[in-house]
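Asker: One file: upload_22.cif (mmCIF, C-alpha atoms).
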data_my_file
#
loop_
_atom_site.label_atom_id
_atom_site.label_comp_id
_atom_site.auth_asym_id
_atom_site.auth_seq_id
_atom_site.Cartn_x
_atom_site.Cartn_y
_atom_site.Cartn_z
CA GLU U 17 0.00 0.00 0.00
CA ASP U 18 2.76 2.46 0.89
CA HIS U 19 4.66 1.59 -2.27
CA ASN U 20 1.56 2.26 -4.38
CA SER U 21 1.03 5.63 -2.72
CA TRP U 22 4.59 6.61 -3.58
CA ARG U 23 4.02 5.47 -7.17
CA SER U 24 0.85 7.59 -7.37
CA LEU U 25 2.68 10.60 -5.96
CA LYS U 26 5.41 10.19 -8.52
CA SER U 27 2.98 10.04 -11.45
CA ALA U 28 0.87 12.93 -10.22
CA GLY U 29 3.37 15.77 -10.29
CA ARG U 30 6.00 17.44 -12.37
CA THR U 31 7.86 20.21 -10.61
CA SER U 32 10.98 19.28 -8.67
CA VAL U 33 13.63 16.74 -9.53
CA ILE U 34 14.36 13.37 -8.02
CA PHE U 35 16.60 10.77 -9.49
CA PHE U 36 14.98 7.39 -9.07
CA GLU U 37 11.96 5.78 -10.64
CA ALA U 38 9.35 4.13 -8.43
CA LYS U 39 10.89 0.73 -9.05
CA LEU U 40 14.15 1.94 -7.52
CA ILE U 41 12.59 3.07 -4.27
CA LYS U 42 13.54 0.48 -1.68
CA MET U 43 11.36 0.20 1.39
CA SER U 44 12.33 -1.64 4.55
CA GLY U 45 9.82 -1.15 7.31
CA SER U 46 9.42 2.60 7.55
CA ARG U 47 12.73 3.37 5.83
CA ILE U 48 13.17 4.56 2.26
CA PHE U 49 16.66 4.50 0.87
CA CYS U 50 18.84 4.11 -2.18
CA THR U 51 21.85 1.94 -2.88
CA TRP U 52 24.95 2.32 -5.03
CA GLN U 53 23.01 0.94 -8.00
CA ASP U 54 20.44 3.72 -7.58
CA ILE U 55 23.23 6.30 -7.53
CA HIS U 56 24.66 4.77 -10.71
CA ASN U 57 21.21 5.15 -12.25
CA LEU U 58 21.12 8.74 -10.98
CA ASN U 59 24.27 9.58 -12.92
CA SER U 60 23.03 7.78 -16.03
CA SER U 61 19.63 9.46 -15.78
CA GLU U 62 21.13 12.93 -15.48
CA ASN U 63 23.53 12.33 -18.35
CA ASN U 64 20.62 11.32 -20.57
CA GLY U 65 18.33 14.11 -19.44
CA GLY U 66 16.03 11.52 -17.91
CA GLN U 67 15.12 13.36 -14.74
CA ILE U 68 11.74 12.76 -13.13
CA CYS U 69 9.76 15.79 -12.04
CA TRP U 70 7.55 15.99 -8.99
CA SER U 71 5.07 18.72 -8.19
CA GLU U 72 4.71 20.66 -4.98
CA ASN U 73 1.09 21.17 -6.04
CA ILE U 74 0.10 17.74 -4.72
CA LEU U 75 1.05 18.81 -1.19
CA GLU U 76 -0.57 22.22 -1.53
CA GLU U 77 -3.78 20.63 -2.82
CA SER U 78 -3.80 18.29 0.17
CA VAL U 79 -3.51 21.29 2.47
CA GLN U 80 -6.41 23.01 0.72
CA LYS U 81 -8.59 19.93 1.23
CA PHE U 82 -7.39 18.70 4.62
CA GLY U 83 -5.49 21.66 6.11
CA GLU U 84 -6.16 21.05 9.81
CA VAL U 85 -6.48 17.28 9.55
CA LYS U 86 -3.64 15.50 11.36
CA ALA U 87 -1.30 14.14 8.71
CA VAL U 88 1.26 12.53 11.02
CA LYS U 89 1.06 11.05 14.52
CA TRP U 90 3.96 9.65 16.50
CA LEU U 91 4.87 8.58 20.00
CA ASN U 92 7.32 10.54 22.13
CA ARG U 93 7.71 8.20 25.07
CA LYS U 94 4.07 7.93 26.22
CA GLU U 95 2.85 11.13 24.62
CA VAL U 96 1.11 11.09 21.23
CA LEU U 97 2.24 14.04 19.11
CA GLU U 98 0.52 15.22 15.93
CA ARG U 99 1.13 17.51 12.99
CA SER U 100 -1.47 18.74 10.52
CA TYR U 101 -1.11 19.09 6.75
CA SER U 102 -0.91 22.88 7.18
CA GLU U 103 1.86 22.61 9.76
CA ILE U 104 3.81 20.21 7.56
CA LEU U 105 3.49 22.54 4.57
CA ARG U 106 4.80 25.48 6.58
CA ASN U 107 7.88 23.50 7.56
CA VAL U 108 8.35 22.19 4.01
CA ILE U 109 8.24 25.74 2.61
CA SER U 110 10.65 27.12 5.21
CA THR U 111 13.03 24.21 4.56
CA ARG U 112 12.84 24.73 0.81
CA LYS U 113 13.39 28.48 1.09
CA GLY U 114 16.23 27.91 3.53
CA LEU U 115 18.00 25.60 1.10
CA LEU U 116 17.58 28.15 -1.68
CA ALA U 117 18.95 30.92 0.55
CA GLU U 118 21.93 28.66 1.34
CA ASP U 119 22.59 28.28 -2.41
CA PHE U 120 21.74 24.58 -2.71
CA ALA U 121 19.45 24.91 -5.75
CA GLY U 122 20.34 22.21 -8.28
CA LYS U 123 22.60 20.38 -5.82
CA HIS U 124 22.43 16.85 -4.34
CA ILE U 125 21.47 16.52 -0.67
CA ALA U 126 21.63 13.24 1.27
CA LEU U 127 19.30 12.17 4.07
CA ILE U 128 20.13 9.53 6.67
CA GLY U 129 17.57 8.63 9.28
CA THR U 130 14.69 6.41 10.23
CA SER U 131 11.10 7.51 9.80
CA SER U 132 10.30 10.81 11.52
CA VAL U 133 8.27 13.91 10.82
CA GLU U 134 11.52 15.88 10.48
CA TRP U 135 12.71 13.43 7.81
CA ILE U 136 9.41 13.72 5.93
CA GLU U 137 9.42 17.53 5.99
CA SER U 138 13.08 17.75 4.99
CA TYR U 139 12.62 15.29 2.14
CA LEU U 140 9.61 17.20 0.80
CA GLY U 141 11.47 20.47 1.24
CA ILE U 142 14.25 19.11 -0.98
CA ILE U 143 12.19 17.58 -3.77
CA THR U 144 9.82 20.53 -4.13
CA GLY U 145 12.75 22.90 -4.53
CA CYS U 146 14.67 21.88 -7.67
CA ILE U 147 17.13 19.90 -5.58
CA THR U 148 18.01 16.21 -5.84
CA ALA U 149 17.28 14.11 -2.75
CA VAL U 150 19.61 11.21 -1.96
CA PRO U 151 17.89 9.12 0.76
CA LEU U 152 20.32 6.57 2.14
CA ASP U 153 19.72 3.40 4.11
CA ALA U 154 20.15 4.29 7.77
CA ALA U 155 21.05 0.68 8.57
CA LEU U 156 24.25 0.71 6.50
CA PRO U 157 27.62 0.85 8.27
CA CYS U 158 29.40 4.18 8.45
CA GLU U 159 31.99 3.27 5.80
CA GLU U 160 29.34 2.45 3.20
CA LEU U 161 27.40 5.64 3.95
CA ILE U 162 30.57 7.67 3.44
CA ASP U 163 31.10 5.97 0.10
CA LEU U 164 27.51 6.66 -1.01
CA ILE U 165 27.64 10.30 0.08
CA ASN U 166 30.80 10.79 -1.97
CA ARG U 167 29.62 8.85 -5.00
CA SER U 168 26.33 10.75 -5.09
CA ASP U 169 28.13 14.13 -5.08
CA SER U 170 26.04 15.20 -2.09
CA GLU U 171 26.96 18.67 -0.87
CA ALA U 172 24.77 18.68 2.24
CA LEU U 173 23.29 16.14 4.62
CA PHE U 174 20.24 15.78 6.84
CA LEU U 175 21.18 13.44 9.69
CA SER U 176 19.12 11.86 12.45
CA PRO U 177 20.24 12.23 16.09
CA LYS U 178 20.61 8.45 16.23
CA HIS U 179 23.46 8.70 13.72
CA ARG U 180 25.34 11.49 15.45
CA PRO U 181 28.21 9.08 16.31
CA TYR U 182 28.94 9.02 12.54
CA LEU U 183 29.06 12.81 12.27
CA GLU U 184 32.79 13.36 12.68
CA ALA U 185 33.56 10.56 10.22
CA PHE U 186 31.26 12.11 7.61
CA LEU U 187 32.85 15.54 8.04
CA ALA U 188 36.37 14.10 7.84
CA ASN U 189 35.82 11.82 4.84
CA CYS U 190 33.19 13.56 2.68
CA PRO U 191 35.04 16.58 1.28
CA LYS U 192 32.09 17.90 -0.75
CA LEU U 193 29.84 18.23 2.29
CA GLN U 194 29.30 21.92 3.00
CA LYS U 195 26.65 21.68 5.71
CA VAL U 196 24.94 19.11 7.92
CA TRP U 197 21.52 19.65 9.45
CA MET U 198 20.57 17.45 12.36
CA LEU U 199 16.97 16.24 12.22
CA GLN U 200 16.17 17.77 15.60
CA GLU U 201 15.05 21.19 16.76
CA GLU U 202 18.10 22.05 18.89
CA VAL U 203 21.72 20.91 18.91
CA GLU U 204 24.59 21.44 21.35
CA ASP U 205 28.34 20.97 21.12
CA VAL U 206 28.44 20.28 17.40
CA PRO U 207 31.37 20.91 15.03
CA SER U 208 31.51 23.84 12.64
CA GLY U 209 29.15 23.44 9.69
CA VAL U 210 26.57 21.48 11.68
CA TYR U 211 23.18 23.00 12.49
CA SER U 212 19.72 22.10 13.75
CA ILE U 213 16.75 21.78 11.42
CA ASN U 214 15.23 24.82 13.13
CA GLU U 215 18.19 26.97 12.10
CA LEU U 216 17.59 26.07 8.45
CA ARG U 217 13.86 26.74 8.79
CA ASN U 218 14.51 30.12 10.40
CA THR U 219 16.73 31.01 7.47
CA GLY U 220 13.86 30.10 5.18
CA ILE U 221 11.30 32.07 7.17
CA ASN U 222 13.49 35.17 6.87
CA ALA U 223 14.15 34.64 3.14
CA SER U 224 11.99 36.29 0.52
CA ALA U 225 12.77 34.08 -2.46
CA ASP U 226 11.16 30.67 -2.93
CA ALA U 227 12.22 27.92 -5.30
CA SER U 228 10.30 26.85 -8.35
CA CYS U 229 11.36 24.45 -11.03
CA PRO U 230 10.81 24.97 -14.74
CA SER U 231 7.84 23.09 -16.11
#
Could you show the structure in this file as structure tokens?
Answerer:
Amino acid sequence: EDHNSWRSLKSAGRTSVIFFEAKLIKMSGSRIFCTWQDIHNLNSSENNGGQICWSENILEESVQKFGEVKAVKWLNRKEVLERSYSEILRNVISTRKGLLAEDFAGKHIALIGTSSVEWIESYLGIITGCITAVPLDAALPCEELIDLINRSDSEALFLSPKHRPYLEAFLANCPKLQKVWMLQEEVEDVPSGVYSINELRNTGINASADASCPS
């Protein structure tokens, strides 16, 4: 069912760019990720002009229809937290505008993390903004993730708090990485070039320009 919904989303839109076809989306539990073969296909697809366009309109239309309906629910210890379609869209837009303000339009950005609302919003912020998302399998060992980040030419990374032990290794061995955003609202004692997701969103909130891809 989840796979079909992703396939429908892919066929419905045409604005931003993502590099894999539905058949290349690998799902393991709640994780979505790509492998080296997907990245090879990314390079082949780009060389042949075979990019797949997604539309931000599908999200905006959902907000128009279901704005205050709760789109995501999750457990934080024993507390059930919720986020509506409207709240998700606000975070998606601020993420997208933040990435544009940080000059990542047209670049590749990797994501490493298990399912979370921050992952969802960051992913949508990337793909609705003329940027290529590179979702990587969070279960891979650090060495393989480093290899995939480098092979995919990723210049930024969204990283879950669970994978913070890998952070220094990524910074030391992925020379193209310019910035890392932790998928959490606040961070402490992080190296230079590492920020919280809220810092990126605040940049987007204060930015005037928004991203839009050519039709």
Asker: When you look at Pro177 in chain U with a cut-off of 12 Å (counting all atoms listed in the file), what residues show up, excluding the ones that are within fewer than 2 positions of it in the same chain? I need them as a PDB file with C-alpha atoms, in the frame of the given file.
Answerer:
ATOM      1  CA  ILE U 128      20.130   9.530   6.670  1.00  0.00           C
ATOM      2  CA  GLY U 129      17.570   8.630   9.280  1.00  0.00           C
ATOM      3  CA  THR U 130      14.690   6.410  10.230  1.00  0.00           C
ATOM      4  CA  SER U 132      10.300  10.810  11.520  1.00  0.00           C
ATOM      5  CA  GLU U 134      11.520  15.880  10.480  1.00  0.00           C
ATOM      6  CA  TRP U 135      12.710  13.430   7.810  1.00  0.00           C
ATOM      7  CA  ALA U 154      20.150   4.290   7.770  1.00  0.00           C
ATOM      8  CA  PHE U 174      20.240  15.780   6.840  1.00  0.00           C
ATOM      9  CA  LEU U 175      21.180  13.440   9.690  1.00  0.00           C
ATOM     10  CA  HIS U 179      23.460   8.700  13.720  1.00  0.00           C
ATOM     11  CA  ARG U 180      25.340  11.490  15.450  1.00  0.00           C
ATOM     12  CA  PRO U 181      28.210   9.080  16.310  1.00  0.00           C
ATOM     13  CA  TYR U 182      28.940   9.020  12.540  1.00  0.00           C
ATOM     14  CA  LEU U 183      29.060  12.810  12.270  1.00  0.00           C
ATOM     15  CA  VAL U 196      24.940  19.110   7.920  1.00  0.00           C
ATOM     16  CA  TRP U 197      21.520  19.650   9.450  1.00  0.00           C
ATOM     17  CA  MET U 198      20.570  17.450  12.360  1.00  0.00           C
ATOM     18  CA  LEU U 199      16.970  16.240  12.220  1.00  0.00           C
ATOM     19  CA  GLN U 200      16.170  17.770  15.600  1.00  0.00           C
ATOM     20  CA  GLU U 201      15.050  21.190  16.760  1.00  0.00           C
ATOM     21  CA  GLU U 202      18.100  22.050  18.890  1.00  0.00           C
ATOM     22  CA  VAL U 203      21.720  20.910  18.910  1.00  0.00           C
ATOM     23  CA  GLU U 204      24.590  21.440  21.350  1.00  0.00           C
ATOM     24  CA  VAL U 206      28.440  20.280  17.400  1.00  0.00           C
ATOM     25  CA  TYR U 211      23.180  23.000  12.490  1.00  0.00           C
ATOM     26  CA  SER U 212      19.720  22.100  13.750  1.00  0.00           C
ATOM     27  CA  ILE U 213      16.750  21.780  11.420  1.00  0.00           C
TER      28      ILE U 213
END
Asker: Report, in Å with one decimal, the straight-line distance from CA of Ala223 in chain U to CA of Glu103 in chain U.
Answerer: 18.4 Å
Asker: Go through U:Asn214, U:Ser138, U:Ser170, U:Ser131 and flag the residue nearest Asp153 in chain U, using all atoms listed in the file for the distances.
Answerer: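 Once distances to Asp153 in chain U are computed over all atoms listed in the file, the minimum belongs to U:Ser131.
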Asker: Select, from U:His124, U:Arg106, U:Lys94, U:Arg217, the residue with the minimum atom-to-atom distance to Ala172 in chain U, counting all atoms listed in the file.
Answerer: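 Going through U:His124, U:Arg106, U:Lys94, U:Arg217 one by one, the smallest distance to Ala172 in chain U is for U:His124.
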Asker: Smallest atom-to-atom distance to Glu84 in chain U: which of U:Cys190, U:Leu127, U:Ala155, U:Leu105, using all atoms listed in the file?
Answerer: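 Closest to Glu84 in chain U, using all atoms listed in the file: U:Leu105.
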Asker: For CA of Leu161 in chain U and CA of Gly145 in chain U, determine how far apart the two atoms are, in Å to one decimal place.
Answerer: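 These atoms are spaced 24.2 Å apart.
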Asker: So which residues get picked by the PyMOL selection byres ((chain U and resi 116) around 9) here, written as a list in words?
Answerer: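 Listing what the PyMOL selection byres ((chain U and resi 116) around 9) selects in the shown file: Thr111, Arg112, Lys113, Gly114, Leu115, Ala117, Glu118, Asp119, Phe120, Ala121, Gly145, Gly220, Ala223, Ala225, Asp226 and Ala227 of chain U.
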Asker: Got a sec to resolve the PyMOL selection byres ((chain U and resi 141) around 8) on this structure and send the residues as a list in words?
Answerer: Asn107, Val108, Ile109, Ser110, Thr111, Arg112, Glu137, Ser138, Tyr139, Leu140, Ile142, Ile143, Thr144 and Gly145 of chain U
Asker: Using C-alpha atoms, can you export the residues from the last selection as a short mmCIF file (atom, residue, chain, number, x, y, z; two decimals), in the frame of the given file?
Answerer:
data_model
loop_
_atom_site.label_atom_id
_atom_site.label_comp_id
_atom_site.auth_asym_id
_atom_site.auth_seq_id
_atom_site.Cartn_x
_atom_site.Cartn_y
_atom_site.Cartn_z
CA ASN U 107 7.88 23.50 7.56
CA VAL U 108 8.35 22.19 4.01
CA ILE U 109 8.24 25.74 2.61
CA SER U 110 10.65 27.12 5.21
CA THR U 111 13.03 24.21 4.56
CA ARG U 112 12.84 24.73 0.81
CA GLU U 137 9.42 17.53 5.99
CA SER U 138 13.08 17.75 4.99
CA TYR U 139 12.62 15.29 2.14
CA LEU U 140 9.61 17.20 0.80
CA ILE U 142 14.25 19.11 -0.98
CA ILE U 143 12.19 17.58 -3.77
CA THR U 144 9.82 20.53 -4.13
CA GLY U 145 12.75 22.90 -4.53
#
Asker: Please report the interatomic distance between CA of Asn92 in chain U and CA of Val133 in chain U in Å with one decimal.
Answerer: 11.8 Å
Asker: Exactly which residues make up the result of the PyMOL selection byres ((chain U and resi 85) around 10) on this file, given as a list in words?
Answerer: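 Written out, the selection comes to Ser78, Val79, Lys81, Phe82, Gly83, Glu84, Lys86, Ala87, Val88, Glu98, Arg99, Ser100, Tyr101, Ser102 and Glu103 of chain U.
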Asker: With distances taken over only C-alpha atoms, which of U:Gln194, U:Asn189, U:Asn73, U:Ser224 is nearest to Gly209 in chain U?
Answerer: U:Gln194
Asker: Select, from U:Glu184, U:Thr148, U:Asn218, U:Lys192, the residue with the minimum atom-to-atom distance to Asp169 in chain U, counting only C-alpha atoms.
Answerer: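 When distances to Asp169 in chain U are compared using only C-alpha atoms, the smallest one comes from U:Lys192.
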Asker: Measuring atom to atom with all atoms listed in the file, identify which of U:Trp90, U:Arg167, U:Leu173, U:Cys146 is nearest to Ala126 in chain U.
Answerer: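 Smallest separation from Ala126 in chain U among the options: U:Leu173.
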Asker: Give the padded box for range 84-97 of chain U as AutoDock Vina command-line options: axis-aligned, covering all atoms listed in the file, 4 Å on each side, centre and edge lengths in Å to one decimal.
Answerer:
--center_x 0.6 --center_y 14.5 --center_z 17.5 --size_x 22.2 --size_y 21.1 --size_z 25.5
Asker: Because some atoms of range 95-120 of chain U are absent here, can you restore N, CA, C and O atoms and send them as a compact mmCIF listing (two decimals), in the frame of the given file?
Answerer:
# COMPACT_ATOMS: atom_id res chain seq x y z
N GLU U 95 3.68 10.05 25.13
CA GLU U 95 2.85 11.13 24.62
C GLU U 95 2.65 11.00 23.11
O GLU U 95 3.61 10.77 22.37
N VAL U 96 1.41 11.12 22.64
CA VAL U 96 1.11 11.09 21.23
C VAL U 96 1.18 12.51 20.68
O VAL U 96 0.46 13.41 21.12
N LEU U 97 2.09 12.74 19.75
CA LEU U 97 2.24 14.04 19.11
C LEU U 97 1.64 14.00 17.71
O LEU U 97 1.59 12.94 17.07
N GLU U 98 1.21 15.16 17.22
CA GLU U 98 0.52 15.22 15.93
C GLU U 98 1.00 16.44 15.15
O GLU U 98 1.46 17.42 15.72
N ARG U 99 0.86 16.35 13.84
CA ARG U 99 1.13 17.51 12.99
C ARG U 99 0.14 17.49 11.83
O ARG U 99 -0.05 16.47 11.18
N SER U 100 -0.46 18.64 11.57
CA SER U 100 -1.47 18.74 10.52
C SER U 100 -0.80 18.96 9.16
O SER U 100 0.38 19.28 9.06
N TYR U 101 -1.60 18.82 8.10
CA TYR U 101 -1.11 19.09 6.75
C TYR U 101 -0.59 20.53 6.65
O TYR U 101 0.43 20.79 6.03
N SER U 102 -1.33 21.48 7.24
CA SER U 102 -0.91 22.88 7.18
C SER U 102 0.43 23.09 7.88
O SER U 102 1.29 23.82 7.38
N GLU U 103 0.61 22.47 9.02
CA GLU U 103 1.86 22.61 9.76
C GLU U 103 3.02 21.99 8.98
O GLU U 103 4.13 22.56 8.94
N ILE U 104 2.77 20.84 8.36
CA ILE U 104 3.81 20.21 7.56
C ILE U 104 4.19 21.10 6.39
O ILE U 104 5.38 21.31 6.10
N LEU U 105 3.19 21.67 5.70
CA LEU U 105 3.49 22.54 4.57
C LEU U 105 4.32 23.74 4.98
O LEU U 105 5.26 24.13 4.27
N ARG U 106 4.01 24.34 6.13
CA ARG U 106 4.80 25.48 6.58
C ARG U 106 6.27 25.10 6.77
O ARG U 106 7.17 25.84 6.39
N ASN U 107 6.50 23.94 7.35
CA ASN U 107 7.88 23.50 7.56
C ASN U 107 8.57 23.11 6.25
O ASN U 107 9.77 23.33 6.08
N VAL U 108 7.81 22.54 5.33
CA VAL U 108 8.35 22.19 4.01
C VAL U 108 8.78 23.46 3.29
O VAL U 108 9.88 23.54 2.72
N ILE U 109 7.92 24.48 3.30
CA ILE U 109 8.24 25.74 2.61
C ILE U 109 9.46 26.42 3.24
O ILE U 109 10.36 26.88 2.54
N SER U 110 9.51 26.46 4.57
CA SER U 110 10.65 27.12 5.21
C SER U 110 11.94 26.34 4.96
O SER U 110 13.01 26.94 4.79
N THR U 111 11.86 25.01 4.90
CA THR U 111 13.03 24.21 4.56
C THR U 111 13.48 24.49 3.14
O THR U 111 14.67 24.71 2.87
N ARG U 112 12.54 24.48 2.22
CA ARG U 112 12.84 24.73 0.81
C ARG U 112 13.47 26.11 0.61
O ARG U 112 14.49 26.27 -0.06
N LYS U 113 12.87 27.12 1.22
CA LYS U 113 13.39 28.48 1.09
C LYS U 113 14.75 28.61 1.77
O LYS U 113 15.63 29.34 1.29
N GLY U 114 14.94 27.90 2.86
CA GLY U 114 16.23 27.91 3.53
C GLY U 114 17.32 27.33 2.66
O GLY U 114 18.43 27.87 2.57
N LEU U 115 17.02 26.22 1.99
CA LEU U 115 18.00 25.60 1.10
C LEU U 115 18.33 26.51 -0.07
O LEU U 115 19.49 26.59 -0.51
N LEU U 116 17.33 27.20 -0.60
CA LEU U 116 17.58 28.15 -1.68
C LEU U 116 18.46 29.29 -1.19
O LEU U 116 19.42 29.69 -1.86
N ALA U 117 18.16 29.82 -0.01
CA ALA U 117 18.95 30.92 0.55
C ALA U 117 20.39 30.48 0.81
O ALA U 117 21.32 31.30 0.73
N GLU U 118 20.58 29.19 1.10
CA GLU U 118 21.93 28.66 1.34
C GLU U 118 22.63 28.23 0.05
O GLU U 118 23.69 27.62 0.08
N ASP U 119 21.99 28.52 -1.09
CA ASP U 119 22.59 28.28 -2.41
C ASP U 119 22.73 26.80 -2.74
O ASP U 119 23.73 26.37 -3.33
N PHE U 120 21.71 26.00 -2.38
CA PHE U 120 21.74 24.58 -2.71
C PHE U 120 20.81 24.21 -3.88
O PHE U 120 20.60 23.03 -4.14
